[in-house]
file query13.cif (mmCIF, C-alpha atoms)
data_protein
loop_
_atom_site.label_atom_id
_atom_site.label_comp_id
_atom_site.auth_asym_id
_atom_site.auth_seq_id
_atom_site.Cartn_x
_atom_site.Cartn_y
_atom_site.Cartn_z
CA MET A 1 -22.06 11.48 19.37
CA ALA A 2 -21.20 8.43 17.29
CA VAL A 3 -17.49 8.26 18.07
CA MET A 4 -18.07 8.93 21.74
CA LYS A 5 -20.68 6.21 21.70
CA GLY A 6 -18.16 3.91 20.03
CA PHE A 7 -15.50 4.66 22.61
CA ARG A 8 -18.00 4.27 25.44
CA MET A 9 -18.91 0.84 24.07
CA MET A 10 -15.24 -0.15 23.94
CA ILE A 11 -14.54 1.16 27.44
CA ASP A 12 -17.60 -0.66 28.82
CA LYS A 13 -16.35 -3.85 27.17
CA LEU A 14 -12.92 -3.40 28.76
CA LYS A 15 -14.38 -2.60 32.18
CA ALA A 16 -16.29 -5.88 32.04
CA ASN A 17 -13.18 -7.79 30.95
CA PRO A 18 -9.98 -5.75 31.56
CA LYS A 19 -7.01 -6.33 29.27
CA ARG A 20 -3.27 -5.81 29.43
CA ILE A 21 -1.59 -3.74 26.72
CA VAL A 22 2.15 -3.47 26.10
CA PHE A 23 3.70 -0.11 25.30
CA THR A 24 7.12 -0.72 23.78
CA GLU A 25 8.42 2.77 24.60
CA GLY A 26 7.83 3.02 28.33
CA THR A 27 9.79 6.22 28.99
CA ASP A 28 8.18 8.31 26.25
CA GLU A 29 6.26 11.29 27.66
CA ARG A 30 3.22 10.67 25.44
CA ILE A 31 3.07 7.03 26.49
CA LEU A 32 3.30 7.97 30.16
CA GLU A 33 0.53 10.55 29.88
CA ALA A 34 -1.75 8.06 28.12
CA ALA A 35 -0.87 5.33 30.63
CA SER A 36 -1.78 7.61 33.54
CA ARG A 37 -5.18 8.31 31.97
CA LEU A 38 -5.82 4.62 31.32
CA LEU A 39 -4.93 3.76 34.91
CA ALA A 40 -7.25 6.47 36.21
CA GLY A 41 -10.06 4.92 34.15
CA ASN A 42 -9.39 1.52 35.71
CA PHE A 43 -10.26 -0.50 32.61
CA LEU A 44 -6.87 -1.30 31.08
CA THR A 45 -3.50 -2.30 32.55
CA PRO A 46 -0.52 -0.68 30.80
CA VAL A 47 2.61 -2.82 30.59
CA LEU A 48 5.52 -0.43 30.09
CA VAL A 49 8.73 -1.79 28.58
CA GLY A 50 11.84 -0.28 30.12
CA SER A 51 13.99 0.02 33.21
CA PRO A 52 11.72 0.61 36.25
CA LYS A 53 13.98 3.40 37.48
CA GLU A 54 14.07 5.14 34.11
CA VAL A 55 10.30 4.79 33.61
CA LEU A 56 9.45 6.07 37.09
CA ASP A 57 12.00 8.87 36.88
CA ALA A 58 10.53 9.96 33.54
CA ALA A 59 6.99 9.80 34.93
CA GLU A 60 8.01 11.96 37.88
CA GLU A 61 9.81 14.42 35.62
CA TYR A 62 6.79 14.80 33.35
CA GLY A 63 4.33 14.80 36.24
CA TYR A 64 2.32 11.63 35.50
CA ASN A 65 1.14 9.03 37.98
CA VAL A 66 1.73 5.53 36.60
CA ARG A 67 1.38 3.62 39.87
CA GLY A 68 -0.48 0.45 39.01
CA ALA A 69 1.22 0.01 35.65
CA GLU A 70 3.46 -3.00 35.17
CA ILE A 71 7.04 -2.13 34.22
CA VAL A 72 9.00 -4.91 32.56
CA ASP A 73 12.71 -4.59 31.90
CA PRO A 74 14.21 -6.72 29.10
CA SER A 75 17.61 -6.58 30.84
CA ASN A 76 16.17 -8.05 34.06
CA PHE A 77 13.39 -10.36 32.92
CA ASP A 78 13.21 -13.63 34.84
CA ARG A 79 11.78 -15.56 31.87
CA MET A 80 14.28 -14.34 29.28
CA ASP A 81 15.76 -17.80 28.66
CA GLU A 82 12.26 -19.12 27.97
CA MET A 83 11.58 -16.18 25.67
CA VAL A 84 14.81 -16.75 23.73
CA GLU A 85 14.05 -20.44 23.32
CA LEU A 86 10.55 -19.69 22.06
CA LEU A 87 11.80 -17.12 19.55
CA CYS A 88 14.36 -19.61 18.22
CA GLU A 89 11.56 -22.15 17.77
CA LEU A 90 9.33 -19.60 16.03
CA ARG A 91 12.16 -18.62 13.68
CA LYS A 92 13.73 -22.03 13.19
CA ASN A 93 12.96 -21.86 9.47
CA LYS A 94 15.43 -18.96 9.42
CA ASN A 95 17.87 -20.98 11.53
CA MET A 96 17.85 -18.37 14.29
CA GLN A 97 20.50 -18.97 16.93
CA PRO A 98 20.14 -18.16 20.67
CA GLU A 99 22.64 -15.32 20.53
CA GLU A 100 20.71 -13.54 17.79
CA ALA A 101 17.38 -14.25 19.52
CA ARG A 102 18.64 -12.85 22.82
CA LYS A 103 19.82 -9.69 21.08
CA LEU A 104 16.42 -9.20 19.47
CA CYS A 105 14.57 -9.90 22.72
CA SER A 106 16.54 -7.12 24.39
CA GLN A 107 14.89 -4.63 22.00
CA GLY A 108 11.59 -3.13 23.13
CA ASN A 109 9.70 -3.93 19.93
CA TYR A 110 10.62 -7.64 19.91
CA PHE A 111 10.43 -7.96 23.69
CA GLY A 112 6.93 -6.47 23.80
CA THR A 113 5.74 -8.68 20.94
CA MET A 114 7.09 -11.75 22.72
CA LEU A 115 5.21 -10.77 25.88
CA VAL A 116 2.01 -10.96 23.82
CA LYS A 117 3.07 -14.27 22.27
CA MET A 118 3.77 -15.73 25.71
CA GLY A 119 0.34 -14.67 26.97
CA LEU A 120 1.75 -12.11 29.40
CA ALA A 121 -0.19 -9.34 27.66
CA ASP A 122 -3.21 -9.25 25.36
CA SER A 123 -2.20 -6.58 22.88
CA LEU A 124 0.55 -4.14 21.94
CA LEU A 125 0.86 -0.52 20.85
CA GLY A 126 4.18 0.74 19.52
CA GLY A 127 5.67 3.21 17.10
CA ALA A 128 5.98 6.38 19.18
CA THR A 129 9.69 6.20 18.37
CA TYR A 130 9.89 3.00 16.30
CA SER A 131 9.16 3.04 12.56
CA THR A 132 6.10 1.25 11.20
CA ALA A 133 8.38 -1.46 9.80
CA ASP A 134 9.99 -2.00 13.21
CA THR A 135 6.55 -2.44 14.79
CA VAL A 136 5.00 -4.61 12.08
CA ARG A 137 8.01 -6.85 11.37
CA PRO A 138 8.09 -8.54 14.81
CA ALA A 139 4.31 -8.94 14.65
CA LEU A 140 4.53 -10.77 11.33
CA GLN A 141 7.42 -12.95 12.49
CA ILE A 142 6.06 -13.79 15.95
CA ILE A 143 2.29 -13.25 16.16
CA LYS A 144 1.62 -14.10 12.50
CA THR A 145 -1.66 -13.93 10.63
CA LYS A 146 -4.94 -15.53 11.63
CA PRO A 147 -6.01 -18.74 9.88
CA GLY A 148 -7.57 -17.86 6.56
CA HIS A 149 -5.74 -14.54 6.33
CA SER A 150 -3.00 -14.18 3.75
CA ILE A 151 -1.97 -10.63 4.68
CA VAL A 152 -1.98 -8.01 7.38
CA GLY A 153 -4.12 -5.12 6.23
CA SER A 154 -4.84 -1.76 7.76
CA CYS A 155 -7.83 0.48 8.29
CA PHE A 156 -8.32 4.10 9.28
CA ILE A 157 -11.46 5.12 11.11
CA MET A 158 -12.36 8.66 10.07
CA VAL A 159 -14.59 10.76 12.34
CA ARG A 160 -16.08 14.19 11.61
CA PRO A 161 -18.06 16.04 14.28
CA SER A 162 -21.49 17.25 13.24
CA ALA A 163 -23.49 20.24 14.46
CA THR A 164 -26.40 17.86 15.01
CA GLY A 165 -24.35 15.95 17.60
CA GLU A 166 -24.23 12.78 15.48
CA ASN A 167 -20.70 12.33 14.19
CA GLU A 168 -19.98 11.04 10.69
CA VAL A 169 -17.87 7.86 10.91
CA LEU A 170 -16.16 6.16 7.95
CA ALA A 171 -13.72 3.28 7.47
CA MET A 172 -10.93 3.37 4.88
CA GLY A 173 -8.49 0.65 3.83
CA ASP A 174 -5.75 -0.05 3.01
CA CYS A 175 -4.02 3.29 3.46
CA ALA A 176 -0.80 2.26 5.19
CA ILE A 177 0.50 -1.29 4.72
CA ASN A 178 -0.11 -3.02 1.37
CA ILE A 179 1.38 -1.15 -1.58
CA LYS A 180 -0.36 -2.86 -4.50
CA PRO A 181 -2.84 -5.43 -3.16
CA ASN A 182 -4.23 -7.97 -5.60
CA GLU A 183 -7.91 -8.94 -5.96
CA ASP A 184 -7.88 -11.52 -3.17
CA GLU A 185 -6.02 -9.18 -0.84
CA LEU A 186 -8.44 -6.33 -1.57
CA ALA A 187 -11.37 -8.59 -0.71
CA GLU A 188 -9.69 -9.50 2.58
CA ILE A 189 -8.97 -5.83 3.31
CA ALA A 190 -12.61 -4.92 2.68
CA ILE A 191 -13.94 -7.50 5.11
CA GLY A 192 -11.41 -6.51 7.74
CA ALA A 193 -12.32 -2.83 7.38
CA ALA A 194 -16.00 -3.68 7.73
CA GLU A 195 -15.39 -5.64 10.94
CA CYS A 196 -13.19 -2.85 12.28
CA GLY A 197 -15.85 -0.28 11.49
CA LYS A 198 -18.49 -2.22 13.40
CA ILE A 199 -16.56 -1.53 16.61
CA PHE A 200 -17.32 2.16 16.02
CA GLY A 201 -20.97 1.55 15.31
CA ILE A 202 -20.67 1.58 11.51
CA ASP A 203 -23.24 -0.54 9.65
CA PRO A 204 -20.85 -1.28 6.78
CA LYS A 205 -21.74 -0.40 3.22
CA ILE A 206 -18.58 -1.20 1.29
CA ALA A 207 -17.49 0.54 -1.92
CA PHE A 208 -14.55 -0.69 -4.00
CA LEU A 209 -13.33 2.60 -5.46
CA SER A 210 -12.20 3.21 -9.02
CA TYR A 211 -12.29 5.76 -11.83
CA SER A 212 -15.19 3.74 -13.24
CA THR A 213 -18.73 3.09 -12.00
CA LEU A 214 -20.10 -0.36 -12.81
CA GLY A 215 -18.55 -0.58 -16.24
CA SER A 216 -18.52 3.08 -17.28
CA GLY A 217 -14.75 2.85 -17.74
CA ALA A 218 -12.36 0.13 -18.78
CA GLY A 219 -8.88 -1.06 -17.94
CA GLU A 220 -6.92 -3.47 -15.78
CA ASP A 221 -7.39 -1.37 -12.65
CA VAL A 222 -11.15 -1.31 -13.18
CA ASP A 223 -11.22 -5.08 -13.66
CA LYS A 224 -9.21 -5.55 -10.49
CA MET A 225 -11.67 -3.59 -8.34
CA ARG A 226 -14.73 -5.20 -9.95
CA ASN A 227 -13.31 -8.69 -9.47
CA ALA A 228 -12.22 -7.91 -5.91
CA ALA A 229 -15.75 -6.73 -5.07
CA ALA A 230 -17.19 -9.95 -6.52
CA LYS A 231 -14.79 -12.05 -4.43
CA ALA A 232 -15.66 -10.12 -1.29
CA LYS A 233 -19.36 -10.74 -1.95
CA GLU A 234 -18.68 -14.46 -2.29
CA MET A 235 -16.73 -14.49 0.96
CA ARG A 236 -19.28 -12.45 2.91
CA PRO A 237 -22.72 -12.47 1.27
CA ASP A 238 -24.11 -10.96 4.48
CA LEU A 239 -22.30 -7.66 3.87
CA ALA A 240 -23.47 -4.82 1.60
CA ILE A 241 -20.72 -4.62 -1.04
CA GLU A 242 -20.52 -2.89 -4.41
CA GLY A 243 -17.83 -2.18 -6.94
CA GLU A 244 -16.38 -0.78 -8.90
CA LEU A 245 -17.65 2.71 -7.96
CA GLN A 246 -16.35 6.22 -8.45
CA PHE A 247 -16.17 8.15 -5.20
CA ASP A 248 -18.99 10.52 -6.09
CA ALA A 249 -21.27 7.61 -6.95
CA ALA A 250 -20.31 5.93 -3.70
CA VAL A 251 -21.19 8.87 -1.41
CA SER A 252 -23.66 11.15 -3.21
CA PRO A 253 -27.27 9.94 -3.44
CA ARG A 254 -27.90 12.42 -6.27
CA VAL A 255 -24.99 11.12 -8.35
CA ALA A 256 -25.88 7.54 -7.52
CA ARG A 257 -29.43 8.03 -8.81
CA THR A 258 -27.94 9.01 -12.16
CA LYS A 259 -25.05 6.56 -12.43
CA CYS A 260 -26.47 3.48 -10.71
CA PRO A 261 -30.10 3.92 -9.63
CA ASP A 262 -31.63 1.64 -6.98
CA ASN A 263 -28.22 0.42 -5.87
CA PRO A 264 -28.24 -0.33 -2.10
CA VAL A 265 -24.62 0.79 -1.55
CA ALA A 266 -24.13 3.61 -4.06
CA GLY A 267 -24.77 6.99 -2.51
CA HIS A 268 -24.59 5.60 1.01
CA ALA A 269 -21.15 3.98 1.26
CA ASN A 270 -19.28 4.37 4.56
CA THR A 271 -16.49 1.81 4.12
CA PHE A 272 -14.05 2.46 1.30
CA VAL A 273 -11.55 0.12 -0.34
CA PHE A 274 -8.80 1.86 -2.31
CA PRO A 275 -7.04 0.21 -5.26
CA ASP A 276 -3.53 0.81 -3.85
CA ILE A 277 -1.64 2.58 -1.10
CA ASN A 278 -1.12 5.70 -3.22
CA ALA A 279 -4.86 6.29 -3.54
CA GLY A 280 -5.54 5.23 0.05
CA ASN A 281 -2.90 7.38 1.69
CA ILE A 282 -3.86 10.41 -0.38
CA GLY A 283 -7.55 9.81 0.16
CA TYR A 284 -7.54 9.59 3.94
CA LYS A 285 -5.23 12.60 4.24
CA ILE A 286 -7.50 14.70 2.01
CA ALA A 287 -10.41 13.75 4.27
CA GLN A 288 -8.32 14.59 7.33
CA ARG A 289 -6.86 17.90 6.17
CA LEU A 290 -9.59 19.33 3.95
CA GLY A 291 -12.64 17.47 5.23
CA ASN A 292 -11.95 18.03 8.95
CA PHE A 293 -12.08 14.32 9.77
CA ASP A 294 -10.12 12.97 12.72
CA ALA A 295 -8.10 9.90 11.69
CA TYR A 296 -7.75 6.92 14.03
CA GLY A 297 -5.19 4.41 12.84
CA PRO A 298 -3.69 2.69 11.07
CA ILE A 299 -5.49 -0.18 12.77
CA LEU A 300 -3.83 -3.44 11.73
CA MET A 301 -6.09 -6.30 10.67
CA GLY A 302 -5.52 -10.04 10.31
CA LEU A 303 -2.98 -10.73 13.10
CA ASN A 304 -3.49 -13.42 15.73
CA ALA A 305 -3.40 -10.70 18.42
CA PRO A 306 -4.06 -6.97 18.20
CA ILE A 307 -0.87 -5.03 17.54
CA ASN A 308 -1.02 -1.46 16.32
CA ASP A 309 1.38 1.17 15.15
CA LEU A 310 1.51 4.81 16.20
CA SER A 311 2.78 7.69 14.13
CA ARG A 312 6.05 9.05 15.46
CA GLY A 313 4.34 12.44 15.37
CA CYS A 314 1.46 11.26 17.56
CA ASN A 315 0.27 13.06 20.68
CA ALA A 316 -0.87 11.61 24.00
CA GLU A 317 -4.55 11.81 23.04
CA GLU A 318 -3.88 9.63 20.00
CA VAL A 319 -1.96 7.13 22.14
CA TYR A 320 -4.85 6.97 24.59
CA SER A 321 -7.45 6.47 21.84
CA MET A 322 -5.39 3.87 19.98
CA ALA A 323 -4.77 1.95 23.22
CA ILE A 324 -8.51 1.64 23.79
CA ILE A 325 -9.12 0.59 20.18
CA THR A 326 -6.26 -1.95 20.25
CA ALA A 327 -7.36 -3.57 23.51
CA ALA A 328 -10.99 -3.68 22.38
CA LEU A 329 -9.93 -5.76 19.37
CA VAL A 330 -8.82 -8.63 21.60
CA ASP A 331 -10.89 -11.71 20.78
CA GLU A 332 -13.05 -12.93 23.61
#
call {"tool": "encode", "arguments": {"input": "query13.cif", "output": "structure tokens"}}
result
Amino acid sequence: MAVMKGFRMMIDKLKANPKRIVFTEGTDERILEAASRLLAGNFLTPVLVGSPKEVLDAAEEYGYNVRGAEIVDPSNFDRMDEMVELLCELRKNKNMQPEEARKLCSQGNYFGTMLVKMGLADSLLGGATYSTADTVRPALQIIKTKPGHSIVGSCFIMVRPSATGENEVLAMGDCAINIKPNEDELAEIAIGAAECGKIFGIDPKIAFLSYSTLGSGAGEDVDKMRNAAAKAKEMRPDLAIEGELQFDAAVSPRVARTKCPDNPVAGHANTFVFPDINAGNIGYKIAQRLGNFDAYGPILMGLNAPINDLSRGCNAEEVYSMAIITAALVDE
């Protein structure tokens, strides 16, 4: 199956070059269950933030074996002074003082992000109890965006099992982070979603979605998607990109033959760029709830190190899957 193949590829990659992933909520039952599974697979080292006693007591209470995980306690960290000094340097434009930095570093979300910044871990997964803002904010302040990236975008990978055994896999962005991205930001989101999709075996065919198909409608929103598609093509002429397209023209070969015949993307799109977060959030949830797609994400794109956010309503299976995805995004 496609998604299983994608996960197998990621696990094989991690077995060949194991990574360390920080979990900012080390006593959470879902985190502990996922950590125990990762340890049993022997391809990823969980770094659990919290008091060793509290983490181990919780693991014993819930019945999970986390021997082999690293447990790092912000209140007893031997490099805390170094961490505080580094955070002050990183935030000197905000005139951060050591007292404020030390207070932030005592919090699991900032502490975990600083572990990544200091090279003590490769990636981070948070949000089981923290809000999205409390996971993304430290990442933006500390890890920051890659050169050439103006924003952090997000992508959902959508997977629907098929009776033939070949799962349907789609990429959708941005459904979680950027409220009203402009043309340049949409182009960046599209390229990030395409690269993210490749990890799952998607050969990206990118559609910039609209209520218009190649000029059938008019308006500022149509112009924005058309211009964004053109900019994405300029940035990555190697990718199959089209826009603006209505959703039916993007996915239905029959509709595409009528609305835009002989178009290499129309009718076959598998990577979708939404005009704003309203459309994106609604779109992926319709696919999830009515289309029986499983949603993996949001996967954050454009940071200098992979940091991802969990839903506070997540289960252990989602933590496990997102940990694999996050660690597999680490640049070699």
call {"tool": "closest_residue", "arguments": {"input": "query13.cif", "among": "A:Phe23, A:Phe272, A:Tyr284, A:Phe247", "to": "Ser123 in chain A", "atoms": "all atoms listed in the file"}}
result
A:Phe23
call {"tool": "closest_atom_pairs", "arguments": {"input": "query13.cif", "of": "range 140-194 of chain A", "to": "range 107-110 of chain A", "cutoff": "12 Å", "atoms": "all atoms listed in the file", "output": "JSON lines"}}
result
{"residue": "A:Leu140", "atom": "CA", "partner": "A:Tyr110", "partner_atom": "CA", "distance": 11.0}
{"residue": "A:Gln141", "atom": "CA", "partner": "A:Tyr110", "partner_atom": "CA", "distance": 9.7}
{"residue": "A:Ile142", "atom": "CA", "partner": "A:Tyr110", "partner_atom": "CA", "distance": 8.6}
{"residue": "A:Ile143", "atom": "CA", "partner": "A:Tyr110", "partner_atom": "CA", "distance": 10.7}
call {"tool": "resolve_selection", "arguments": {"input": "query13.cif", "expression": "the PyMOL selection byres ((chain A and resi 293-295) around 12)", "output": "ChimeraX atom specification"}}
result
/A:3,155-162,167-172,175,281,283-292,296-299,310-311,314,317-318,321-322
call {"tool": "atom_distance", "arguments": {"input": "query13.cif", "atom1": "CA of Lys259 in chain A", "atom2": "CA of Thr213 in chain A"}}
result
7.2 Å
call {"tool": "residues_around", "arguments": {"input": "query13.cif", "residues": "Ala69 in chain A", "least_positions_apart": "3", "cutoff": "6 Å", "atoms": "all atoms listed in the file", "output": "PDB file with C-alpha atoms, keeping the file's coordinate frame"}}
result
ATOM      1  CA  PRO A  46      -0.520  -0.680  30.800  1.00  0.00           C
ATOM      2  CA  VAL A  47       2.610  -2.820  30.590  1.00  0.00           C
ATOM      3  CA  VAL A  66       1.730   5.530  36.600  1.00  0.00           C
TER       4      VAL A  66
END
call {"tool": "resolve_selection", "arguments": {"input": "query13.cif", "expression": "the PyMOL selection byres ((chain A and resi 125) around 8)", "output": "PDB file with C-alpha atoms, keeping the file's coordinate frame"}}
result
ATOM      1  CA  ILE A  21      -1.590  -3.740  26.720  1.00  0.00           C
ATOM      2  CA  VAL A  22       2.150  -3.470  26.100  1.00  0.00           C
ATOM      3  CA  PHE A  23       3.700  -0.110  25.300  1.00  0.00           C
ATOM      4  CA  THR A  24       7.120  -0.720  23.780  1.00  0.00           C
ATOM      5  CA  SER A 123      -2.200  -6.580  22.880  1.00  0.00           C
ATOM      6  CA  LEU A 124       0.550  -4.140  21.940  1.00  0.00           C
ATOM      7  CA  GLY A 126       4.180   0.740  19.520  1.00  0.00           C
ATOM      8  CA  GLY A 127       5.670   3.210  17.100  1.00  0.00           C
ATOM      9  CA  ILE A 307      -0.870  -5.030  17.540  1.00  0.00           C
ATOM     10  CA  ASN A 308      -1.020  -1.460  16.320  1.00  0.00           C
ATOM     11  CA  ASP A 309       1.380   1.170  15.150  1.00  0.00           C
ATOM     12  CA  LEU A 310       1.510   4.810  16.200  1.00  0.00           C
ATOM     13  CA  MET A 322      -5.390   3.870  19.980  1.00  0.00           C
ATOM     14  CA  ALA A 323      -4.770   1.950  23.220  1.00  0.00           C
ATOM     15  CA  THR A 326      -6.260  -1.950  20.250  1.00  0.00           C
TER      16      THR A 326
END
call {"tool": "resolve_selection", "arguments": {"input": "query13.cif", "expression": "the PyMOL selection byres ((chain A and resi 71) around 8)", "output": "PyMOL selection string"}}
result
chain A and resi 26+47-52+55+69-70+72-73
call {"tool": "closest_residue", "arguments": {"input": "query13.cif", "among": "A:Thr145, A:Asp184, A:Val273, A:Asp174", "to": "Pro306 in chain A", "atoms": "all atoms listed in the file"}}
result
A:Thr145
call {"tool": "residues_around", "arguments": {"input": "query13.cif", "residues": "range 81-92 of chain A", "least_positions_apart": "6", "cutoff": "7 Å", "atoms": "all atoms listed in the file", "output": "ChimeraX atom specification"}}
result
/A:98,101-102,105,114,142
call {"tool": "residues_around", "arguments": {"input": "query13.cif", "residues": "Gly217 in chain A", "least_positions_apart": "6", "cutoff": "12 Å", "atoms": "only C-alpha atoms", "output": "PyMOL selection string"}}
result
chain A and resi 210-211+223+225-226+244-246
call {"tool": "residues_around", "arguments": {"input": "query13.cif", "residues": "Ala269 in chain A", "least_positions_apart": "4", "cutoff": "7 Å", "atoms": "only C-alpha atoms", "output": "list of chain:residue names"}}
result
A:Lys205, A:Ile206, A:Ala207, A:Ala250, A:Val251, A:Val265
call {"tool": "atom_distance", "arguments": {"input": "query13.cif", "atom1": "CA of Phe274 in chain A", "atom2": "CA of Gly243 in chain A"}}
result
10.9 Å
call {"tool": "build_atoms", "arguments": {"input": "query13.cif", "residues": "range 49-72 of chain A", "atoms": "N, CA and C atoms", "output": "PDB file, in the frame of the given file"}}
result
ATOM      1  N   VAL A  49       7.430  -1.161  28.790  1.00  0.00           N
ATOM      2  CA  VAL A  49       8.730  -1.790  28.580  1.00  0.00           C
ATOM      3  C   VAL A  49       9.825  -0.769  28.893  1.00  0.00           C
ATOM      4  N   GLY A  50      10.731  -1.162  29.783  1.00  0.00           N
ATOM      5  CA  GLY A  50      11.840  -0.280  30.120  1.00  0.00           C
ATOM      6  C   GLY A  50      12.363  -0.552  31.512  1.00  0.00           C
ATOM      7  N   SER A  51      13.432   0.105  31.871  1.00  0.00           N
ATOM      8  CA  SER A  51      13.990   0.020  33.210  1.00  0.00           C
ATOM      9  C   SER A  51      13.024   0.687  34.195  1.00  0.00           C
ATOM     10  N   PRO A  52      12.647  -0.011  35.274  1.00  0.00           N
ATOM     11  CA  PRO A  52      11.720   0.610  36.250  1.00  0.00           C
ATOM     12  C   PRO A  52      12.188   1.974  36.721  1.00  0.00           C
ATOM     13  N   LYS A  53      13.474   2.104  37.001  1.00  0.00           N
ATOM     14  CA  LYS A  53      13.980   3.400  37.480  1.00  0.00           C
ATOM     15  C   LYS A  53      13.806   4.479  36.422  1.00  0.00           C
ATOM     16  N   GLU A  54      14.164   4.148  35.176  1.00  0.00           N
ATOM     17  CA  GLU A  54      14.070   5.140  34.110  1.00  0.00           C
ATOM     18  C   GLU A  54      12.609   5.511  33.831  1.00  0.00           C
ATOM     19  N   VAL A  55      11.728   4.518  33.843  1.00  0.00           N
ATOM     20  CA  VAL A  55      10.300   4.790  33.610  1.00  0.00           C
ATOM     21  C   VAL A  55       9.727   5.663  34.713  1.00  0.00           C
ATOM     22  N   LEU A  56      10.003   5.298  35.970  1.00  0.00           N
ATOM     23  CA  LEU A  56       9.450   6.070  37.090  1.00  0.00           C
ATOM     24  C   LEU A  56      10.075   7.449  37.184  1.00  0.00           C
ATOM     25  N   ASP A  57      11.357   7.559  36.889  1.00  0.00           N
ATOM     26  CA  ASP A  57      12.000   8.870  36.880  1.00  0.00           C
ATOM     27  C   ASP A  57      11.385   9.772  35.808  1.00  0.00           C
ATOM     28  N   ALA A  58      11.141   9.189  34.632  1.00  0.00           N
ATOM     29  CA  ALA A  58      10.530   9.960  33.540  1.00  0.00           C
ATOM     30  C   ALA A  58       9.118  10.390  33.916  1.00  0.00           C
ATOM     31  N   ALA A  59       8.356   9.470  34.519  1.00  0.00           N
ATOM     32  CA  ALA A  59       6.990   9.800  34.930  1.00  0.00           C
ATOM     33  C   ALA A  59       6.997  10.949  35.933  1.00  0.00           C
ATOM     34  N   GLU A  60       7.931  10.895  36.877  1.00  0.00           N
ATOM     35  CA  GLU A  60       8.010  11.960  37.880  1.00  0.00           C
ATOM     36  C   GLU A  60       8.415  13.281  37.224  1.00  0.00           C
ATOM     37  N   GLU A  61       9.365  13.204  36.300  1.00  0.00           N
ATOM     38  CA  GLU A  61       9.810  14.420  35.620  1.00  0.00           C
ATOM     39  C   GLU A  61       8.680  15.085  34.849  1.00  0.00           C
ATOM     40  N   TYR A  62       7.870  14.258  34.161  1.00  0.00           N
ATOM     41  CA  TYR A  62       6.790  14.800  33.350  1.00  0.00           C
ATOM     42  C   TYR A  62       5.526  15.070  34.157  1.00  0.00           C
ATOM     43  N   GLY A  63       5.465  14.521  35.365  1.00  0.00           N
ATOM     44  CA  GLY A  63       4.330  14.800  36.240  1.00  0.00           C
ATOM     45  C   GLY A  63       3.148  13.870  36.046  1.00  0.00           C
ATOM     46  N   TYR A  64       3.404  12.593  35.711  1.00  0.00           N
ATOM     47  CA  TYR A  64       2.320  11.630  35.500  1.00  0.00           C
ATOM     48  C   TYR A  64       2.396  10.500  36.520  1.00  0.00           C
ATOM     49  N   ASN A  65       1.234  10.103  37.010  1.00  0.00           N
ATOM     50  CA  ASN A  65       1.140   9.030  37.980  1.00  0.00           C
ATOM     51  C   ASN A  65       0.904   7.708  37.248  1.00  0.00           C
ATOM     52  N   VAL A  66       1.889   6.824  37.262  1.00  0.00           N
ATOM     53  CA  VAL A  66       1.730   5.530  36.600  1.00  0.00           C
ATOM     54  C   VAL A  66       1.770   4.385  37.608  1.00  0.00           C
ATOM     55  N   ARG A  67       1.494   4.699  38.876  1.00  0.00           N
ATOM     56  CA  ARG A  67       1.380   3.620  39.870  1.00  0.00           C
ATOM     57  C   ARG A  67       0.237   2.701  39.463  1.00  0.00           C
ATOM     58  N   GLY A  68       0.497   1.429  39.474  1.00  0.00           N
ATOM     59  CA  GLY A  68      -0.480   0.450  39.010  1.00  0.00           C
ATOM     60  C   GLY A  68      -0.132  -0.131  37.659  1.00  0.00           C
ATOM     61  N   ALA A  69       0.721   0.571  36.915  1.00  0.00           N
ATOM     62  CA  ALA A  69       1.220   0.010  35.650  1.00  0.00           C
ATOM     63  C   ALA A  69       2.259  -1.064  35.961  1.00  0.00           C
ATOM     64  N   GLU A  70       2.388  -2.021  35.063  1.00  0.00           N
ATOM     65  CA  GLU A  70       3.460  -3.000  35.170  1.00  0.00           C
ATOM     66  C   GLU A  70       4.650  -2.496  34.348  1.00  0.00           C
ATOM     67  N   ILE A  71       5.813  -2.556  34.914  1.00  0.00           N
ATOM     68  CA  ILE A  71       7.040  -2.130  34.220  1.00  0.00           C
ATOM     69  C   ILE A  71       7.921  -3.356  34.066  1.00  0.00           C
ATOM     70  N   VAL A  72       8.240  -3.694  32.838  1.00  0.00           N
ATOM     71  CA  VAL A  72       9.000  -4.910  32.560  1.00  0.00           C
ATOM     72  C   VAL A  72      10.282  -4.538  31.832  1.00  0.00           C
TER      73      VAL A  72
END
